[in-house]
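Okay, so here's the structure we're looking at.
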Amino acid sequence: MSASGLDVDGVTLTAGTRHLVRDVSLTARPGEVIGLVGPNGSGKSSLLRAVYRVLRPAAGSVRVDGADAWSLPPRTLARTLAAVVQEQAADLDLTVREVVAMGRTPHKRLLAGDTAEDAELVDAALTAVDAAALAGRPFDRLSGGERRRVLIARALAQRPSLLVLDEPTNHLDVRHQLGVLGVLRRLPVTVLVALHDLNLAAYYCDRLYVLRDGGVVASGPPGEVLTAGLLREVYGVSAEVAVHPRTGAPQVTFLPGAD
Amino acid sequence: MTAAVSASPTAERRPPALALPLLALLLLVSVTAGLAIGSVQVPPGQVWGIVTHALGAGWAEPTWSGARETIVLDVRAPRVLLGAVTGAGLAVVGTALQALVRNPLAEPYLLGVSSGASLGAVAVIVLGVTVFGPVSLSAAAFAGALGSLLLVYATARTGGRITSVRLVLSGVAVAAVLTAVTNLLLLTTGRGNEAREVLAWTLGGLGGAGWGTLWLPGAALLLGIAVLLVQARNLNLLLAGEEAAATMGLDVARFRARMFVVLSLVTGVLVAAAGPIGFVGLMLPHIVRLFTGGDHRRVLPAAALGGAVFLVWADIAARTVAAPTEIPVGVLTALCGGPFFLWLMRRDARRATGPGES
């Protein structure tokens, strides 16, 4: 795996006449972990969908390593960029191992069989998300959190150099939230991840982009971006931000009664 | 993780390597039975003698009468083969449709595709159009199948999602309208005898099979299976969802459009040959998946063999249960398929609210 650079330049996304995202620019340098935070409906998912090529921008461009993501053949892009999306899978009738092996598809010719290398990559991906024990289980029977980890393993099996994830820690218990983000942090790839939990974002991300109403209101290292003033402005809540003495990361404490 | 989930079976799926040879053997037995059973019973050994003799391997001295040879080779063989081809084709089309529209209830008959094909074929018969010569019937059935599939898909899809309810409802509605138009055509035509014949055909039956017309369904089946096997990995991707499939390199809209054309072609040709036979495309994929799992590289060949076996036996039943009256085979498949459909619907409803959420 290597790391790719991502340049989102002046992207505007629309649904009918409504603007989902307006003139957003964002960069991720190779190897960075970039967090996307903001309230519900702020345009995080829409922006990610433009990056992983499902929602075509009405204006602006998405470039991966300098190449326009929307002009590349889908298979070519899929060898560089993998995504973990929010969409719920249908009735699968597949084992966990088979689901993860799907990630190998963009690397395979149409009639090529699965090789020993594919099997190793699938094993490694499952191990990375602490799901090796699930390999033989039917995907349908997994709990929500287990499914999430398996879908992340599928993205890892794709061997991307840019990984895009939409709320990957949803449905996960604390241990697996930390586990999954720890895996992302250690990967030698570029990561763009939408997160709800500001403290997790502050700890694991190199830089954050804060979205509100489809626009970027702040960006930079977590320590500079996460301030009491910004949280009041963007989320409309009172909070205290302090650097945690042991982690060194900014720590947000909400003060629900302070208004 | 809940206790209920951790207690669920963790065993690896049984190796499916045996499924295909077993099904192939079963098909051989079924075809033999299809050739042997009927108003004149021919012992299986003799069936084999007649068939191998006709194929040029004369290990058996001809001890049978010419009449028996005619029954086996000219009357029963084309019919059994058409049954096998049609069953295989419908099962394969159903398998692929279920992946393409991402719905376990998808099937050419339920989605109105067969009705569209019927309308095309009937229009050609009644109006006497023969622009494409001997393949006019199949060409019109193909056009009707594609048209109705696109119509059902377009009406069932809202906001990028197809719910079972909308899919089945639009399938039923489109099928009802197309069937009504077909019946209208039949009743208003001046050719009474033909209308009767066609009406029997619209119930689905293999009685019209002959050596001269078998090549077209056979070719359509081989083409369909070849294309789908090549695309099996991409069909698998769709199981993960449309967005996920796109992130794994599939141009979903283009892929689906191409596959719709292929599936309509196979369905159209099969319906032109055997009439609209329902529920084979619904039942067989689900039964086969119980043994092979969901990977299309394994499901498709197994569904083809299973569908062939099923329809050969269904036709044997159609010929014998009420002999000498012959029941249209489509009536029998609907008798098994309707209850299966209901069971499937209830199972999915249970799954939607069942385990897996925590």
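Naming works like this for the structure tokens: A, B, ... for the chains as they're shown, residue 1 at the start of each chain, ligands 1 onward in shown order.
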- Check: which chain A residues lie within 6 Å of chain B using only C-alpha atoms, as an MDAnalysis selection string: chainID A and resid 74:75 78 89 92:94 106 110:111 136:137 141:144
Any chance you could export the current selection's N, CA and C atoms as a compact mmCIF listing (two decimals), in the first residue's frame?
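For reference, part-v8.txt as written:
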```txt
# COMPACT_ATOMS: atom_id res chain seq x y z
N PRO A 74 -14.01 3.43 -13.73
CA PRO A 74 -14.35 3.05 -12.36
C PRO A 74 -13.39 2.03 -11.74
N ARG A 75 -13.00 1.05 -12.53
CA ARG A 75 -12.12 0.01 -12.00
C ARG A 75 -10.75 0.58 -11.62
N ALA A 78 -11.05 2.33 -8.43
CA ALA A 78 -11.32 1.40 -7.33
C ALA A 78 -10.04 0.70 -6.86
N ALA A 89 -26.59 -3.25 3.37
CA ALA A 89 -26.52 -4.28 2.33
C ALA A 89 -27.82 -5.09 2.30
N LEU A 92 -27.70 -11.11 1.78
CA LEU A 92 -26.44 -11.44 1.12
C LEU A 92 -26.20 -12.92 0.87
N ASP A 93 -26.59 -13.78 1.81
CA ASP A 93 -26.33 -15.20 1.64
C ASP A 93 -24.85 -15.50 1.41
N LEU A 94 -23.98 -14.65 1.94
CA LEU A 94 -22.55 -14.86 1.76
C LEU A 94 -21.89 -15.02 3.12
N PRO A 106 -11.77 -5.34 -8.08
CA PRO A 106 -11.15 -4.42 -9.05
C PRO A 106 -9.75 -4.83 -9.49
N LEU A 110 -12.09 -10.67 -15.32
CA LEU A 110 -13.45 -11.17 -15.12
C LEU A 110 -13.51 -12.66 -14.79
N LEU A 111 -12.72 -13.47 -15.46
CA LEU A 111 -12.84 -14.92 -15.22
C LEU A 111 -11.75 -15.47 -14.31
N GLY A 136 -15.92 -17.68 8.84
CA GLY A 136 -16.82 -18.66 8.26
C GLY A 136 -18.29 -18.38 8.52
N ARG A 137 -18.58 -17.32 9.26
CA ARG A 137 -19.97 -17.05 9.65
C ARG A 137 -20.76 -16.45 8.49
N ARG A 141 -26.00 -13.03 9.67
CA ARG A 141 -26.26 -13.31 11.09
C ARG A 141 -25.43 -12.45 12.02
N LEU A 142 -24.59 -11.57 11.47
CA LEU A 142 -23.72 -10.78 12.33
C LEU A 142 -24.51 -9.64 12.99
N SER A 143 -24.00 -9.15 14.10
CA SER A 143 -24.58 -7.96 14.73
C SER A 143 -24.13 -6.74 13.93
N GLY A 144 -24.78 -5.61 14.19
CA GLY A 144 -24.46 -4.38 13.45
C GLY A 144 -22.98 -4.02 13.53
```
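If you look at atom CA of Thr127 of chain A and atom CA of Gly5 of chain A, they are 26.7 Å away from each other.
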- Item | atom CA of Gln158 of chain A to atom CA of Leu178 of chain A, distance in Å rounded to a single decimal |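 That distance, rounded to one decimal, is 22.1 Å.
Shell of Gly223 of chain A at 12 Å, with only C-alpha atoms counted and residues fewer than 3 places along the chain excluded, is Leu198, Asn199, Ala201, Ala202, Tyr203, Tyr204, Cys205, Asp206, Arg207, Leu208, Ala218, Ser219, Gly220, Leu226, Thr227, Ala228, Leu230, Val241, Ala242, Val243, His244, Gly248, Ala249, Pro250, Gln251 and Val252 of chain A.
Note that atom CA of Met283 of chain B and atom CA of Glu107 of chain B are 9.0 Å apart.
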- Within 12 Å of Leu169 of chain B, counting only C-alpha atoms, which residues qualify if same-chain residues fewer than 4 places away don't, as a list in words?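 Returned residues: Leu105, Ala106, Leu110, Leu111, Gly112, Val152, Tyr153, Thr155, Ala156, Arg157, Ile162, Thr163, Ser164, Val165, Ala173, Val174, Ala175 and Ala176 of chain B.
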Same residues, N, CA and C atoms, output as an mmCIF file, in the first residue's frame:
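Result saved to out.cif:
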```cif
data_model
loop_
_atom_site.group_PDB
_atom_site.id
_atom_site.type_symbol
_atom_site.label_atom_id
_atom_site.label_comp_id
_atom_site.auth_asym_id
_atom_site.auth_seq_id
_atom_site.Cartn_x
_atom_site.Cartn_y
_atom_site.Cartn_z
ATOM 1 N N LEU B 105 -37.457 -11.382 -4.391
ATOM 2 C CA LEU B 105 -38.723 -11.801 -4.999
ATOM 3 C C LEU B 105 -38.724 -11.609 -6.514
ATOM 4 N N ALA B 106 -37.627 -11.128 -7.073
ATOM 5 C CA ALA B 106 -37.588 -10.878 -8.519
ATOM 6 C C ALA B 106 -37.621 -12.193 -9.289
ATOM 7 N N LEU B 110 -43.136 -12.985 -12.355
ATOM 8 C CA LEU B 110 -43.732 -12.035 -11.418
ATOM 9 C C LEU B 110 -43.490 -10.591 -11.818
ATOM 10 N N LEU B 111 -42.378 -10.332 -12.493
ATOM 11 C CA LEU B 111 -42.068 -8.952 -12.859
ATOM 12 C C LEU B 111 -42.724 -8.539 -14.165
ATOM 13 N N GLY B 112 -43.562 -9.401 -14.720
ATOM 14 C CA GLY B 112 -44.258 -9.020 -15.934
ATOM 15 C C GLY B 112 -43.425 -9.189 -17.192
ATOM 16 N N VAL B 152 -41.338 -1.882 -15.511
ATOM 17 C CA VAL B 152 -41.483 -2.280 -14.110
ATOM 18 C C VAL B 152 -40.354 -1.692 -13.265
ATOM 19 N N TYR B 153 -39.139 -1.750 -13.801
ATOM 20 C CA TYR B 153 -37.989 -1.237 -13.061
ATOM 21 C C TYR B 153 -38.138 0.262 -12.803
ATOM 22 N N THR B 155 -40.891 2.078 -12.720
ATOM 23 C CA THR B 155 -41.980 2.447 -11.815
ATOM 24 C C THR B 155 -41.695 1.995 -10.381
ATOM 25 N N ALA B 156 -40.907 0.930 -10.220
ATOM 26 C CA ALA B 156 -40.669 0.414 -8.868
ATOM 27 C C ALA B 156 -39.571 1.196 -8.157
ATOM 28 N N ARG B 157 -38.742 1.910 -8.910
ATOM 29 C CA ARG B 157 -37.567 2.533 -8.320
ATOM 30 C C ARG B 157 -37.878 3.971 -7.919
ATOM 31 N N ILE B 162 -35.368 0.086 -4.430
ATOM 32 C CA ILE B 162 -36.538 -0.667 -4.833
ATOM 33 C C ILE B 162 -37.009 -1.471 -3.642
ATOM 34 N N THR B 163 -38.204 -1.218 -3.187
ATOM 35 C CA THR B 163 -38.723 -2.034 -2.095
ATOM 36 C C THR B 163 -39.479 -3.211 -2.702
ATOM 37 N N SER B 164 -39.547 -4.297 -1.928
ATOM 38 C CA SER B 164 -40.240 -5.492 -2.400
ATOM 39 C C SER B 164 -41.668 -5.175 -2.782
ATOM 40 N N VAL B 165 -42.307 -4.375 -1.945
ATOM 41 C CA VAL B 165 -43.716 -4.074 -2.163
ATOM 42 C C VAL B 165 -43.912 -3.407 -3.518
ATOM 43 N N ALA B 173 -49.124 -5.147 -11.681
ATOM 44 C CA ALA B 173 -49.916 -4.200 -12.465
ATOM 45 C C ALA B 173 -49.545 -4.274 -13.944
ATOM 46 N N VAL B 174 -48.247 -4.262 -14.230
ATOM 47 C CA VAL B 174 -47.805 -4.311 -15.627
ATOM 48 C C VAL B 174 -48.239 -5.629 -16.257
ATOM 49 N N ALA B 175 -48.067 -6.726 -15.515
ATOM 50 C CA ALA B 175 -48.469 -8.028 -16.046
ATOM 51 C C ALA B 175 -49.964 -8.061 -16.345
ATOM 52 N N ALA B 176 -50.772 -7.460 -15.444
ATOM 53 C CA ALA B 176 -52.227 -7.471 -15.633
ATOM 54 C C ALA B 176 -52.607 -6.722 -16.914
#
```
For Val180 of chain A, please output as a PDB file with N, CA and C atoms, in the first residue's frame all residues within 7 Å (counting only C-alpha atoms; exclusion window: fewer than 4 positions along the same chain).
```
ATOM      1  N   VAL A 129      -9.061  -5.937  11.611  1.00  0.00           N
ATOM      2  CA  VAL A 129     -10.237  -5.391  12.306  1.00  0.00           C
ATOM      3  C   VAL A 129     -10.739  -6.340  13.394  1.00  0.00           C
ATOM      4  N   HIS A 176     -14.258  -1.428  20.117  1.00  0.00           N
ATOM      5  CA  HIS A 176     -14.085  -1.556  18.681  1.00  0.00           C
ATOM      6  C   HIS A 176     -14.008  -0.207  17.979  1.00  0.00           C
ATOM      7  N   LEU A 184      -6.996   2.400  11.309  1.00  0.00           N
ATOM      8  CA  LEU A 184      -6.923   3.434  10.272  1.00  0.00           C
ATOM      9  C   LEU A 184      -5.683   4.306  10.485  1.00  0.00           C
TER      10      LEU A 184
END
```
- Query: Mind checking DSSP for segment 123-204 of chain A and telling me the alpha helix (DSSP H) residues as a PyMOL selection string?
  - Reply: chain A and resi 123-128+144-157+174-186+198-204
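Here the question is which of A:Arg22, A:Arg79, A:Arg97, A:Arg175 gets nearest to Val150 of chain A using only C-alpha atoms, and that residue is A:Arg97.
Every protein, DNA or RNA residue with an atom at most 8 Å from Leu55 of chain A, where only C-alpha atoms count and chain neighbours fewer than 3 positions away do not, is listed here: A:Leu13, A:Ser46, A:Arg49, A:Ala50.
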- Would you please give, as a count of residues only, all residues of segment 99-228 of chain A that DSSP assigns to strand (DSSP E or B) based on the backbone? 23
Considering only C-alpha atoms, return as a PDB file with C-alpha atoms, in the first residue's frame whatever protein or nucleic-acid residues lie within 9 Å of segment 179-182 of chain B, sequence-local ones (same chain, fewer than 6 positions apart) excluded.
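Output (around.pdb):
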```pdb
ATOM      1  CA  SER B 115     -46.256 -11.173 -19.968  1.00  0.00           C
ATOM      2  CA  GLY B 116     -44.426  -8.663 -22.134  1.00  0.00           C
ATOM      3  CA  SER B 118     -46.210 -13.169 -24.490  1.00  0.00           C
ATOM      4  CA  LEU B 119     -47.775  -9.985 -25.790  1.00  0.00           C
ATOM      5  CA  GLY B 120     -44.977  -9.586 -28.327  1.00  0.00           C
ATOM      6  CA  VAL B 122     -49.120 -13.108 -29.640  1.00  0.00           C
ATOM      7  CA  ALA B 123     -49.087  -9.850 -31.580  1.00  0.00           C
TER       8      ALA B 123
END
```
- Query: Using only C-alpha atoms, which of the listed residues (A:Pro188, A:Gly16, A:Gly214, A:Pro30) sits closest to Val64 of chain A?
  - Reply: A:Pro30
